[in-house]
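Below is structure06.cif, which holds mmCIF, C-alpha atoms.
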```cif
data_final
loop_
_atom_site.label_atom_id
_atom_site.label_comp_id
_atom_site.auth_asym_id
_atom_site.auth_seq_id
_atom_site.Cartn_x
_atom_site.Cartn_y
_atom_site.Cartn_z
CA LEU R 1 22.79 31.24 46.08
CA LEU R 2 19.65 33.06 44.95
CA LEU R 3 19.26 30.45 42.18
CA ALA R 4 18.83 27.71 44.76
CA THR R 5 15.68 29.32 46.13
CA LEU R 6 13.95 29.67 42.78
CA THR R 7 11.25 27.17 41.91
CA TYR R 8 11.21 25.21 38.67
CA ASP R 9 8.40 27.41 37.36
CA THR R 10 10.47 30.56 37.75
CA LEU R 11 13.52 28.76 36.38
CA ARG R 12 11.67 28.10 33.15
CA PHE R 13 11.82 31.82 32.43
CA GLU R 14 15.42 32.24 33.57
CA TYR R 15 16.77 29.94 30.84
CA GLU R 16 16.82 30.70 27.16
CA ASP R 17 14.90 28.21 25.04
CA PHE R 18 16.41 26.43 22.05
CA PRO R 19 17.21 28.68 19.10
CA GLU R 20 14.92 28.37 16.08
CA THR R 21 17.46 26.83 13.74
CA LYS R 22 17.58 24.39 10.83
CA GLU R 23 20.70 22.86 12.39
CA PRO R 24 20.02 19.44 13.92
CA VAL R 25 20.16 19.07 17.70
CA TRP R 26 22.26 16.10 18.83
CA ILE R 27 21.72 14.68 22.34
CA LEU R 28 23.83 11.64 23.30
CA GLY R 29 23.64 9.97 19.90
CA ARG R 30 20.09 11.07 19.04
CA LYS R 31 19.30 13.57 16.28
CA TYR R 32 16.39 16.00 16.63
CA SER R 33 14.82 18.87 14.75
CA VAL R 34 13.97 21.99 16.79
CA PHE R 35 10.97 22.70 14.56
CA THR R 36 9.22 19.33 14.84
CA GLU R 37 10.67 17.72 17.97
CA LYS R 38 11.15 20.39 20.61
CA GLU R 39 9.10 18.47 23.21
CA GLU R 40 11.10 15.31 22.51
CA ILE R 41 14.37 17.23 22.96
CA LEU R 42 13.27 18.62 26.33
CA LEU R 43 11.95 15.23 27.44
CA ASP R 44 15.28 13.60 26.54
CA VAL R 45 17.21 16.26 28.50
CA THR R 46 14.85 16.08 31.50
CA SER R 47 15.22 12.29 31.58
CA ARG R 48 18.98 12.49 32.23
CA LEU R 49 19.89 12.24 35.90
CA TRP R 50 20.91 15.71 37.06
CA PHE R 51 23.22 15.94 40.04
CA THR R 52 23.88 19.32 41.61
CA TYR R 53 25.49 20.69 44.74
CA ARG R 54 23.56 19.57 47.84
CA LYS R 55 23.50 20.74 51.45
CA ASN R 56 22.65 19.09 54.78
CA PHE R 57 23.74 15.59 53.85
CA PRO R 58 25.47 13.31 56.44
CA ALA R 59 29.01 14.54 57.10
CA ILE R 60 31.57 13.00 54.73
CA GLY R 61 33.78 10.65 56.75
CA GLY R 62 31.65 11.35 59.83
CA THR R 63 33.25 14.72 60.60
CA GLY R 64 33.77 16.28 57.16
CA PRO R 65 31.65 18.63 55.02
CA THR R 66 27.85 18.37 54.94
CA SER R 67 27.64 20.30 51.64
CA ASP R 68 29.69 20.23 48.44
CA THR R 69 28.85 23.78 47.33
CA GLY R 70 31.92 25.40 45.78
CA TRP R 71 34.03 22.27 45.43
CA GLY R 72 31.93 19.31 44.23
CA CYS R 73 31.00 20.35 40.67
CA MET R 74 33.39 17.96 38.87
CA LEU R 75 32.37 15.15 41.24
CA ARG R 76 28.72 15.83 40.33
CA CYS R 77 29.62 15.80 36.61
CA GLY R 78 31.36 12.47 37.14
CA GLN R 79 28.17 11.19 38.78
CA MET R 80 26.10 12.41 35.81
CA ILE R 81 28.21 10.75 33.11
CA PHE R 82 28.32 7.52 35.13
CA ALA R 83 24.58 7.67 35.86
CA GLN R 84 24.00 7.89 32.12
CA ALA R 85 26.01 4.66 31.72
CA LEU R 86 23.84 2.98 34.40
CA VAL R 87 20.64 4.23 32.76
CA CYS R 88 21.79 2.74 29.43
CA ARG R 89 22.79 -0.47 31.20
CA HIS R 90 19.61 -1.03 33.23
CA LEU R 91 16.87 1.05 31.54
CA GLY R 92 18.09 1.59 27.96
CA ARG R 93 18.75 4.76 25.96
CA ASP R 94 15.05 5.02 25.01
CA TRP R 95 13.85 5.21 28.62
CA ARG R 96 12.16 8.50 29.57
CA TRP R 97 11.26 10.07 32.91
CA THR R 98 7.87 11.75 33.28
CA LYS R 99 7.00 13.85 36.29
CA GLY R 100 4.54 12.10 38.60
CA LYS R 101 4.65 8.83 36.66
CA ARG R 102 5.40 5.65 38.63
CA GLN R 103 8.89 4.47 37.69
CA MET R 104 10.20 0.92 37.60
CA ASP R 105 12.37 -0.49 40.40
CA ASN R 106 15.53 -0.42 38.29
CA TYR R 107 15.21 3.34 37.96
CA PHE R 108 15.24 3.75 41.76
CA ASN R 109 18.11 1.26 42.02
CA VAL R 110 20.13 3.48 39.66
CA LEU R 111 19.17 6.66 41.51
CA ASN R 112 19.97 5.12 44.91
CA ALA R 113 23.50 4.36 43.72
CA PHE R 114 24.17 8.14 43.71
CA ILE R 115 22.26 9.37 46.78
CA ASP R 116 24.28 11.50 49.24
CA LYS R 117 25.01 8.90 51.88
CA LYS R 118 28.07 6.86 52.64
CA ASP R 119 26.78 3.46 51.55
CA SER R 120 25.66 4.41 48.01
CA TYR R 121 28.06 3.04 45.37
CA TYR R 122 28.77 6.39 43.69
CA SER R 123 27.78 8.90 46.38
CA ILE R 124 29.69 12.13 46.88
CA HIS R 125 30.90 10.49 50.13
CA GLN R 126 32.41 7.53 48.29
CA ILE R 127 33.95 9.68 45.54
CA ALA R 128 35.47 12.18 48.00
CA GLN R 129 36.90 9.45 50.25
CA MET R 130 38.21 7.31 47.38
CA GLY R 131 39.84 10.48 46.02
CA VAL R 132 42.03 10.65 49.12
CA GLY R 133 43.89 7.63 47.70
CA GLU R 134 44.37 9.62 44.49
CA GLY R 135 46.06 12.44 46.39
CA LYS R 136 42.97 14.67 46.76
CA SER R 137 41.92 15.87 50.19
CA ILE R 138 38.17 16.02 50.90
CA GLY R 139 36.80 19.32 49.63
CA GLN R 140 39.56 19.74 47.02
CA TRP R 141 38.64 20.36 43.38
CA TYR R 142 39.01 17.41 40.97
CA GLY R 143 39.95 17.39 37.31
CA PRO R 144 38.23 15.13 34.74
CA ASN R 145 40.95 12.47 34.93
CA THR R 146 40.85 12.16 38.73
CA VAL R 147 37.09 11.72 38.83
CA ALA R 148 37.34 9.08 36.08
CA GLN R 149 40.01 7.14 38.01
CA VAL R 150 37.91 7.24 41.21
CA LEU R 151 34.71 6.11 39.46
CA LYS R 152 36.61 3.20 37.92
CA LYS R 153 37.63 2.03 41.40
CA LEU R 154 34.11 2.46 42.82
CA ALA R 155 32.55 0.49 39.94
CA THR R 156 34.35 -2.67 41.09
CA PHE R 157 32.00 -2.76 44.13
CA ASP R 158 28.88 -2.38 41.97
CA THR R 159 28.26 -6.06 41.26
CA TRP R 160 24.66 -5.28 40.24
CA SER R 161 25.83 -3.31 37.19
CA SER R 162 28.87 -5.53 36.54
CA LEU R 163 30.60 -2.93 34.38
CA ALA R 164 34.02 -3.05 32.78
CA VAL R 165 35.45 0.46 33.18
CA HIS R 166 38.43 1.39 31.02
CA ILE R 167 40.27 4.71 31.17
CA ALA R 168 42.30 5.22 28.02
CA MET R 169 45.48 7.06 28.94
CA ASP R 170 48.05 8.80 26.72
CA ASN R 171 45.36 9.69 24.13
CA THR R 172 45.35 6.05 22.99
CA VAL R 173 42.55 3.48 23.00
CA VAL R 174 43.99 -0.06 22.81
CA MET R 175 41.34 -2.45 21.49
CA GLU R 176 43.10 -5.57 22.75
CA GLU R 177 43.14 -4.22 26.34
CA ILE R 178 39.43 -3.48 26.20
CA ARG R 179 38.53 -6.91 24.81
CA ARG R 180 40.59 -8.57 27.51
CA LEU R 181 38.87 -6.49 30.20
CA CYS R 182 35.33 -7.04 28.89
CA GLN R 183 35.76 -10.77 28.40
CA SER R 184 37.55 -11.33 31.71
CA SER R 185 34.39 -12.74 33.30
CA LEU R 186 34.35 -15.72 30.92
CA PRO R 187 34.61 -19.16 32.47
CA CYS R 188 36.42 -20.17 29.23
CA ALA R 189 38.07 -17.88 26.71
CA GLY R 190 36.51 -19.81 23.81
CA ALA R 191 35.03 -23.14 22.80
CA ALA R 192 38.41 -24.54 21.80
CA ALA R 193 39.77 -23.88 25.28
CA CYS R 194 37.09 -26.02 26.96
CA PRO R 195 37.20 -29.81 26.95
CA SER R 196 33.91 -31.01 25.48
CA GLY R 197 32.70 -32.51 28.76
CA GLU R 198 33.37 -29.26 30.61
CA ALA R 199 31.52 -27.28 27.97
CA ASP R 200 28.47 -29.51 28.45
CA LEU R 201 28.67 -28.94 32.19
CA LEU R 202 29.08 -25.16 31.95
CA TYR R 203 26.41 -24.55 29.37
CA ASN R 204 23.94 -27.23 30.39
CA GLY R 205 20.36 -26.02 30.14
CA TYR R 206 21.05 -23.66 27.22
CA PRO R 207 19.84 -24.45 23.69
CA GLU R 208 22.60 -26.05 21.64
CA GLU R 209 24.91 -24.07 19.32
CA ALA R 210 23.14 -20.66 19.49
CA GLY R 211 22.97 -20.73 23.28
CA LEU R 212 26.53 -21.97 23.51
CA ARG R 213 27.71 -19.13 21.29
CA GLU R 214 25.78 -16.65 23.43
CA ARG R 215 27.40 -17.94 26.61
CA LEU R 216 30.86 -17.99 25.09
CA SER R 217 30.57 -14.43 23.84
CA LEU R 218 29.88 -13.02 27.31
CA TRP R 219 30.80 -9.36 27.36
CA LYS R 220 30.81 -7.12 30.38
CA PRO R 221 29.15 -3.81 29.42
CA LEU R 222 31.94 -1.29 28.79
CA VAL R 223 32.23 2.24 30.15
CA LEU R 224 35.07 3.86 28.20
CA LEU R 225 36.40 7.17 29.55
CA ILE R 226 39.08 9.04 27.62
CA PRO R 227 40.77 11.98 29.42
CA LEU R 228 42.05 14.43 26.81
CA ARG R 229 43.84 17.73 26.48
CA LEU R 230 42.61 19.51 23.35
CA GLY R 231 45.01 22.45 23.42
CA LEU R 232 47.05 24.36 25.98
CA THR R 233 44.91 27.14 27.38
CA GLU R 234 42.02 27.04 24.93
CA ILE R 235 40.54 24.38 22.68
CA ASN R 236 42.31 23.92 19.35
CA GLU R 237 39.69 24.59 16.65
CA ALA R 238 40.92 21.58 14.67
CA TYR R 239 39.31 19.26 17.27
CA ILE R 240 35.85 20.82 17.19
CA GLU R 241 34.48 18.71 14.32
CA THR R 242 35.70 15.49 15.96
CA LEU R 243 34.18 16.50 19.30
CA LYS R 244 30.81 17.10 17.61
CA HIS R 245 30.97 13.64 16.05
CA CYS R 246 31.39 12.09 19.50
CA PHE R 247 27.92 13.39 20.45
CA MET R 248 26.51 11.85 17.25
CA MET R 249 27.56 8.29 18.10
CA PRO R 250 24.86 6.05 19.62
CA GLN R 251 27.43 4.94 22.23
CA SER R 252 27.91 8.53 23.47
CA LEU R 253 27.86 9.21 27.22
CA GLY R 254 28.78 12.85 26.67
CA VAL R 255 31.72 14.84 27.98
CA ILE R 256 32.77 16.18 31.37
CA GLY R 257 34.99 19.23 31.58
CA GLY R 258 35.27 22.88 32.38
CA LYS R 259 37.43 25.28 34.34
CA PRO R 260 38.08 24.96 38.08
CA ASN R 261 34.89 25.67 40.00
CA SER R 262 32.73 25.48 36.90
CA ALA R 263 32.63 21.92 35.59
CA HIS R 264 29.72 20.94 33.34
CA TYR R 265 28.26 17.74 31.89
CA PHE R 266 28.01 18.20 28.13
CA ILE R 267 25.28 16.05 26.56
CA GLY R 268 25.07 17.37 22.99
CA TYR R 269 25.37 20.28 20.61
CA VAL R 270 23.44 22.44 18.17
CA GLY R 271 25.31 24.49 15.57
CA GLU R 272 28.42 25.89 17.27
CA GLU R 273 27.00 25.56 20.79
CA LEU R 274 27.39 22.78 23.33
CA ILE R 275 24.35 21.71 25.35
CA TYR R 276 25.06 20.93 29.01
CA LEU R 277 23.67 20.19 32.46
CA ASP R 278 25.01 22.51 35.14
CA PRO R 279 25.65 21.27 38.68
CA HIS R 280 26.00 24.80 40.14
CA THR R 281 22.68 24.96 41.99
CA THR R 282 22.56 24.04 45.70
CA GLN R 283 19.58 21.89 46.63
CA PRO R 284 18.76 20.27 50.00
CA ALA R 285 19.82 16.64 50.35
CA VAL R 286 16.96 14.23 49.70
CA GLU R 287 15.72 11.67 52.23
CA PRO R 288 13.24 8.85 51.52
CA ASN R 289 9.71 9.89 52.60
CA ASP R 290 7.59 8.11 55.23
CA SER R 291 6.57 5.38 52.79
CA GLY R 292 10.24 4.72 52.02
CA CYS R 293 9.93 6.24 48.54
CA LEU R 294 12.61 8.61 47.28
CA PRO R 295 11.30 11.99 46.01
CA ASP R 296 13.09 12.25 42.67
CA GLU R 297 11.96 15.48 41.00
CA SER R 298 15.07 17.42 42.01
CA PHE R 299 17.23 14.90 40.11
CA HIS R 300 15.80 15.97 36.75
CA CYS R 301 16.49 19.32 35.11
CA GLN R 302 13.03 20.53 34.13
CA HIS R 303 14.02 23.70 32.31
CA PRO R 304 15.68 24.05 28.90
CA PRO R 305 19.36 23.10 29.24
CA CYS R 306 22.24 25.56 29.25
CA ARG R 307 24.29 26.28 26.13
CA MET R 308 27.72 27.74 25.48
CA SER R 309 29.99 28.27 22.49
CA ILE R 310 32.20 25.25 21.73
CA ALA R 311 35.17 27.62 21.41
CA GLU R 312 34.85 28.49 25.13
CA LEU R 313 35.34 24.87 26.24
CA ASP R 314 38.35 24.38 28.50
CA PRO R 315 40.79 22.01 26.72
CA SER R 316 40.91 19.55 29.64
CA ILE R 317 38.01 17.10 29.24
CA ALA R 318 37.04 13.44 29.51
CA VAL R 319 34.89 11.89 26.75
CA GLY R 320 32.66 8.92 27.64
CA PHE R 321 31.18 6.02 25.67
CA PHE R 322 29.05 3.01 26.65
CA CYS R 323 29.18 -0.28 24.73
CA ASN R 324 26.60 -2.71 26.07
CA THR R 325 27.70 -5.54 23.76
CA GLU R 326 30.76 -6.56 21.79
CA GLU R 327 28.88 -5.55 18.62
CA ASP R 328 28.44 -2.05 20.08
CA PHE R 329 32.20 -1.86 20.67
CA ASN R 330 33.05 -3.12 17.17
CA ASP R 331 30.63 -0.59 15.70
CA TRP R 332 32.21 2.19 17.80
CA CYS R 333 35.68 1.21 16.53
CA GLN R 334 34.44 1.39 12.93
CA GLN R 335 32.94 4.85 13.51
CA ILE R 336 36.19 6.12 15.05
CA LYS R 337 38.16 4.79 12.07
CA LYS R 338 35.76 6.49 9.64
CA LEU R 339 36.06 9.72 11.61
CA SER R 340 39.78 9.85 10.82
CA LEU R 341 38.80 10.24 7.14
CA VAL R 342 36.55 13.29 7.72
CA ARG R 343 38.12 16.42 6.28
CA GLY R 344 38.98 19.12 8.79
CA ALA R 345 38.52 16.76 11.76
CA LEU R 346 41.73 16.24 13.72
CA PRO R 347 41.62 12.96 15.73
CA MET R 348 41.38 13.59 19.49
CA PHE R 349 42.85 10.18 20.30
CA GLU R 350 44.41 7.21 18.55
CA LEU R 351 42.69 3.83 18.17
CA VAL R 352 45.15 0.92 17.96
CA GLU R 353 44.78 -2.88 18.01
CA ARG R 354 47.71 -3.56 20.35
CA GLN R 355 49.65 -1.59 22.89
CA PRO R 356 52.35 0.40 21.05
CA SER R 357 55.87 -0.71 21.95
CA HIS R 358 56.78 2.74 23.27
CA PHE R 359 54.22 2.26 26.05
CA SER R 360 56.38 -0.37 27.67
CA ASN R 361 59.10 2.22 28.29
CA PRO R 362 57.93 4.97 30.63
CA ASP R 363 58.19 8.30 28.85
CA ILE R 364 59.47 11.59 30.18
CA LEU R 365 56.48 11.95 32.50
CA ASN R 366 56.92 8.34 33.62
CA LEU R 367 53.33 7.55 32.63
CA THR R 368 52.15 4.02 32.04
CA PRO R 369 48.82 3.33 30.32
CA ASP R 370 47.26 1.84 33.43
CA SER R 371 48.78 4.33 35.83
CA SER R 372 46.43 5.81 38.36
CA ASP R 373 49.14 7.87 39.99
CA ALA R 374 47.03 10.97 40.08
CA ASP R 375 49.78 13.37 41.08
CA ARG R 376 51.68 12.82 37.85
CA LEU R 377 48.56 12.67 35.74
CA GLU R 378 47.07 15.87 37.11
CA ARG R 379 49.75 17.94 35.39
CA PHE R 380 48.70 16.33 32.18
CA PHE R 381 44.95 16.39 32.37
CA ASP R 382 43.65 18.80 34.97
CA SER R 383 42.78 22.39 34.25
CA GLU R 384 43.43 23.48 37.81
CA ASP R 385 47.19 23.71 37.30
CA GLU R 386 47.22 26.17 34.44
CA ASP R 387 49.49 28.70 36.06
CA PHE R 388 52.13 28.41 33.35
CA GLU R 389 52.38 30.73 30.39
CA ILE R 390 53.79 30.31 26.93
CA LEU R 391 56.59 32.77 26.29
CA SER R 392 56.83 34.30 22.86
CA LEU R 393 60.34 34.28 21.40
#
```

Mind converting the file's structure to structure tokens?
Amino acid sequence: LLLATLTYDTLRFEYEDFPETKEPVWILGRKYSVFTEKEEILLDVTSRLWFTYRKNFPAIGGTGPTSDTGWGCMLRCGQMIFAQALVCRHLGRDWRWTKGKRQMDNYFNVLNAFIDKKDSYYSIHQIAQMGVGEGKSIGQWYGPNTVAQVLKKLATFDTWSSLAVHIAMDNTVVMEEIRRLCQSSLPCAGAAACPSGEADLLYNGYPEEAGLRERLSLWKPLVLLIPLRLGLTEINEAYIETLKHCFMMPQSLGVIGGKPNSAHYFIGYVGEELIYLDPHTTQPAVEPNDSGCLPDESFHCQHPPCRMSIAELDPSIAVGFFCNTEEDFNDWCQQIKKLSLVRGALPMFELVERQPSHFSNPDILNLTPDSSDADRLERFFDSEDEDFEILSL
């Protein structure tokens, strides 16, 4: 609680700066050197949208909590990973936030989608209430899979972003499913499927050939979330190299995970340490000022980010990727395939062209790849239920 009362200036001294190391620093697909690019690293981190606990917001559901302190950390991490997808979608990965600088309208449109009020697309109010349908009462702690399932449902209302959200279950990414989802907005599946007259009608006003190709290859920007379990009670070391590579990919949205009551949004790594944004600071809810402008400084972490050893990561996580175009997705698939050839890197998930035949028969847990039955999935993916122990024989 004391932390919430500290100012940013005092916070600067509370947090350890980056280590002086020859190891590269990777932040969401960007590589930096601590020696020559420290300012750029901090600017990149500060530019991410940082969502923390808040207090004094309108009651959730009209009569519910007015603060999420103590229970909302995974919801805030879900907001952060999704906000990063929206930033890439509307502002681009190269966009940077500078204190006091006038920002473009799209930036405020993104930020407003997460403000703590009931009518924002991805507000804590929407996430908590949508979670009720996933078997979570308001104020209950979420795991990475639950928050992913809820965000997928909320994204269908966000017509401005027009995202295709896919949650890859059973540690398997099925390329065919993703292509079908991302191309579902097409008026025609391909040129051959359209009678010539209809094609003229649909694509009238576009330059011939090139424009027609562009219209036919419509692709809804993809947010791919992969809930994973990288071990039983602690992360299996064999996955560490693969996890690092995820932060090196230009499509990276980072990772959400952590133990109950201490979820974090992991945005990169340096050496054997993960770099993360921490939601565990309570700030007052923000209201637009008299001129209708939203004060936005508290949504950017203006001190060096937190770090922790990769070995301490709880095994229950969700990894995120954003593919703005079909080319981005094809490139991501190629990188994942190459990753399987890296020595000492155990694949965290499988990439397949078509749905494996065993998916059509529910397995022991009765899971189907598109299941959003959170009760069954929680056992599989959430770290809150780790009250079992492994007995030695």

Top pick for closest residue to Gln103 in chain R, considering R:Val147, R:Leu228, R:Ile127, R:Leu91 and counting all atoms listed in the file:
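When distances to Gln103 in chain R are compared using all atoms listed in the file, the smallest one comes from R:Leu91.
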
Give me, please, the distance in Å between CA of Tyr269 in chain R and CA of Arg48 in chain R, quoted to one decimal.
15.4 Å

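When CA of Leu346 in chain R is paired with CA of Ala263 in chain R, their separation reads 24.4 Å.
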
Starting from the shown file, work through the PyMOL selection byres ((chain R and resi 288) around 12) and note down what comes out as number ranges by chain.
R: 108, 111-112, 115-117, 285-287, 289-296

What lies within 12 Å of Ala238 in chain R using all atoms listed in the file, ignoring chain neighbours under 4 positions off, as an MDAnalysis selection string?
chainID R and resid 230:231 234 242:244 310:311 342:348

Could you tell me which residues the PyMOL selection byres ((chain R and resi 64-75) around 9) returns for this structure, as a VMD selection string?
chain R and resid 51 to 63 76 to 80 124 127 to 128 138 to 144 147 256 to 258 260 to 265 278 to 282 285

Would you save the residues of that selection, restricted to C-alpha atoms, as a CSV table (one decimal), keeping the file's coordinate frame?
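Resulting contents of part.csv:
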```csv
chain,number,residue,atom,x,y,z
R,51,PHE,CA,23.2,15.9,40.0
R,52,THR,CA,23.9,19.3,41.6
R,53,TYR,CA,25.5,20.7,44.7
R,54,ARG,CA,23.6,19.6,47.8
R,55,LYS,CA,23.5,20.7,51.4
R,56,ASN,CA,22.6,19.1,54.8
R,57,PHE,CA,23.7,15.6,53.8
R,58,PRO,CA,25.5,13.3,56.4
R,59,ALA,CA,29.0,14.5,57.1
R,60,ILE,CA,31.6,13.0,54.7
R,61,GLY,CA,33.8,10.6,56.8
R,62,GLY,CA,31.6,11.4,59.8
R,63,THR,CA,33.2,14.7,60.6
R,76,ARG,CA,28.7,15.8,40.3
R,77,CYS,CA,29.6,15.8,36.6
R,78,GLY,CA,31.4,12.5,37.1
R,79,GLN,CA,28.2,11.2,38.8
R,80,MET,CA,26.1,12.4,35.8
R,124,ILE,CA,29.7,12.1,46.9
R,127,ILE,CA,34.0,9.7,45.5
R,128,ALA,CA,35.5,12.2,48.0
R,138,ILE,CA,38.2,16.0,50.9
R,139,GLY,CA,36.8,19.3,49.6
R,140,GLN,CA,39.6,19.7,47.0
R,141,TRP,CA,38.6,20.4,43.4
R,142,TYR,CA,39.0,17.4,41.0
R,143,GLY,CA,40.0,17.4,37.3
R,144,PRO,CA,38.2,15.1,34.7
R,147,VAL,CA,37.1,11.7,38.8
R,256,ILE,CA,32.8,16.2,31.4
R,257,GLY,CA,35.0,19.2,31.6
R,258,GLY,CA,35.3,22.9,32.4
R,260,PRO,CA,38.1,25.0,38.1
R,261,ASN,CA,34.9,25.7,40.0
R,262,SER,CA,32.7,25.5,36.9
R,263,ALA,CA,32.6,21.9,35.6
R,264,HIS,CA,29.7,20.9,33.3
R,265,TYR,CA,28.3,17.7,31.9
R,278,ASP,CA,25.0,22.5,35.1
R,279,PRO,CA,25.6,21.3,38.7
R,280,HIS,CA,26.0,24.8,40.1
R,281,THR,CA,22.7,25.0,42.0
R,282,THR,CA,22.6,24.0,45.7
R,285,ALA,CA,19.8,16.6,50.4
```

So which residues touch Arg307 in chain R within 8 Å, counting only C-alpha atoms, skipping near sequence neighbours fewer than 4 positions away, as a JSON list (two decimals) with C-alpha atoms, in the coordinates of the input?
```json
[["chain", "number", "residue", "atom", "x", "y", "z"],
["R", 273, "GLU", "CA", 27.00, 25.56, 20.79],
["R", 274, "LEU", "CA", 27.39, 22.78, 23.33],
["R", 275, "ILE", "CA", 24.35, 21.71, 25.35],
["R", 276, "TYR", "CA", 25.06, 20.93, 29.01]]
```

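Comparing the minimum interatomic distances between Asn236 in chain R and each of R:Gly92, R:Gly133, R:Pro315, R:Gly29, counting only C-alpha atoms, we find that R:Pro315 sits nearest.
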
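In this model, the gap between CA of Lys153 in chain R and CA of Met130 in chain R comes to 8.0 Å.
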
Can you pull out the residues contacting Ile81 in chain R? Cut-off 7 Å, using all atoms listed in the file, and skip same-chain residues under 4 positions away; I want them as a list of chain:residue names.
R:Cys77, R:Ala85, R:Leu253, R:Gly254

Quick one: apply the PyMOL selection byres ((chain R and resi 329) around 10) to the file and drop the selected residues here as a count of residues only.
21

Ranking R:Asp44, R:Glu134, R:Asp170, R:Glu350 by minimum distance to Gln302 in chain R and counting all atoms listed in the file, which one comes first?
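The shortest atom-to-atom distance to Gln302 in chain R comes from R:Asp44.
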
Within 8 Å of Ser298 in chain R, counting only C-alpha atoms, which residues qualify if same-chain residues fewer than 3 places away don't, as a list in words?
Trp50, Gln283, Pro295 and Cys301 of chain R
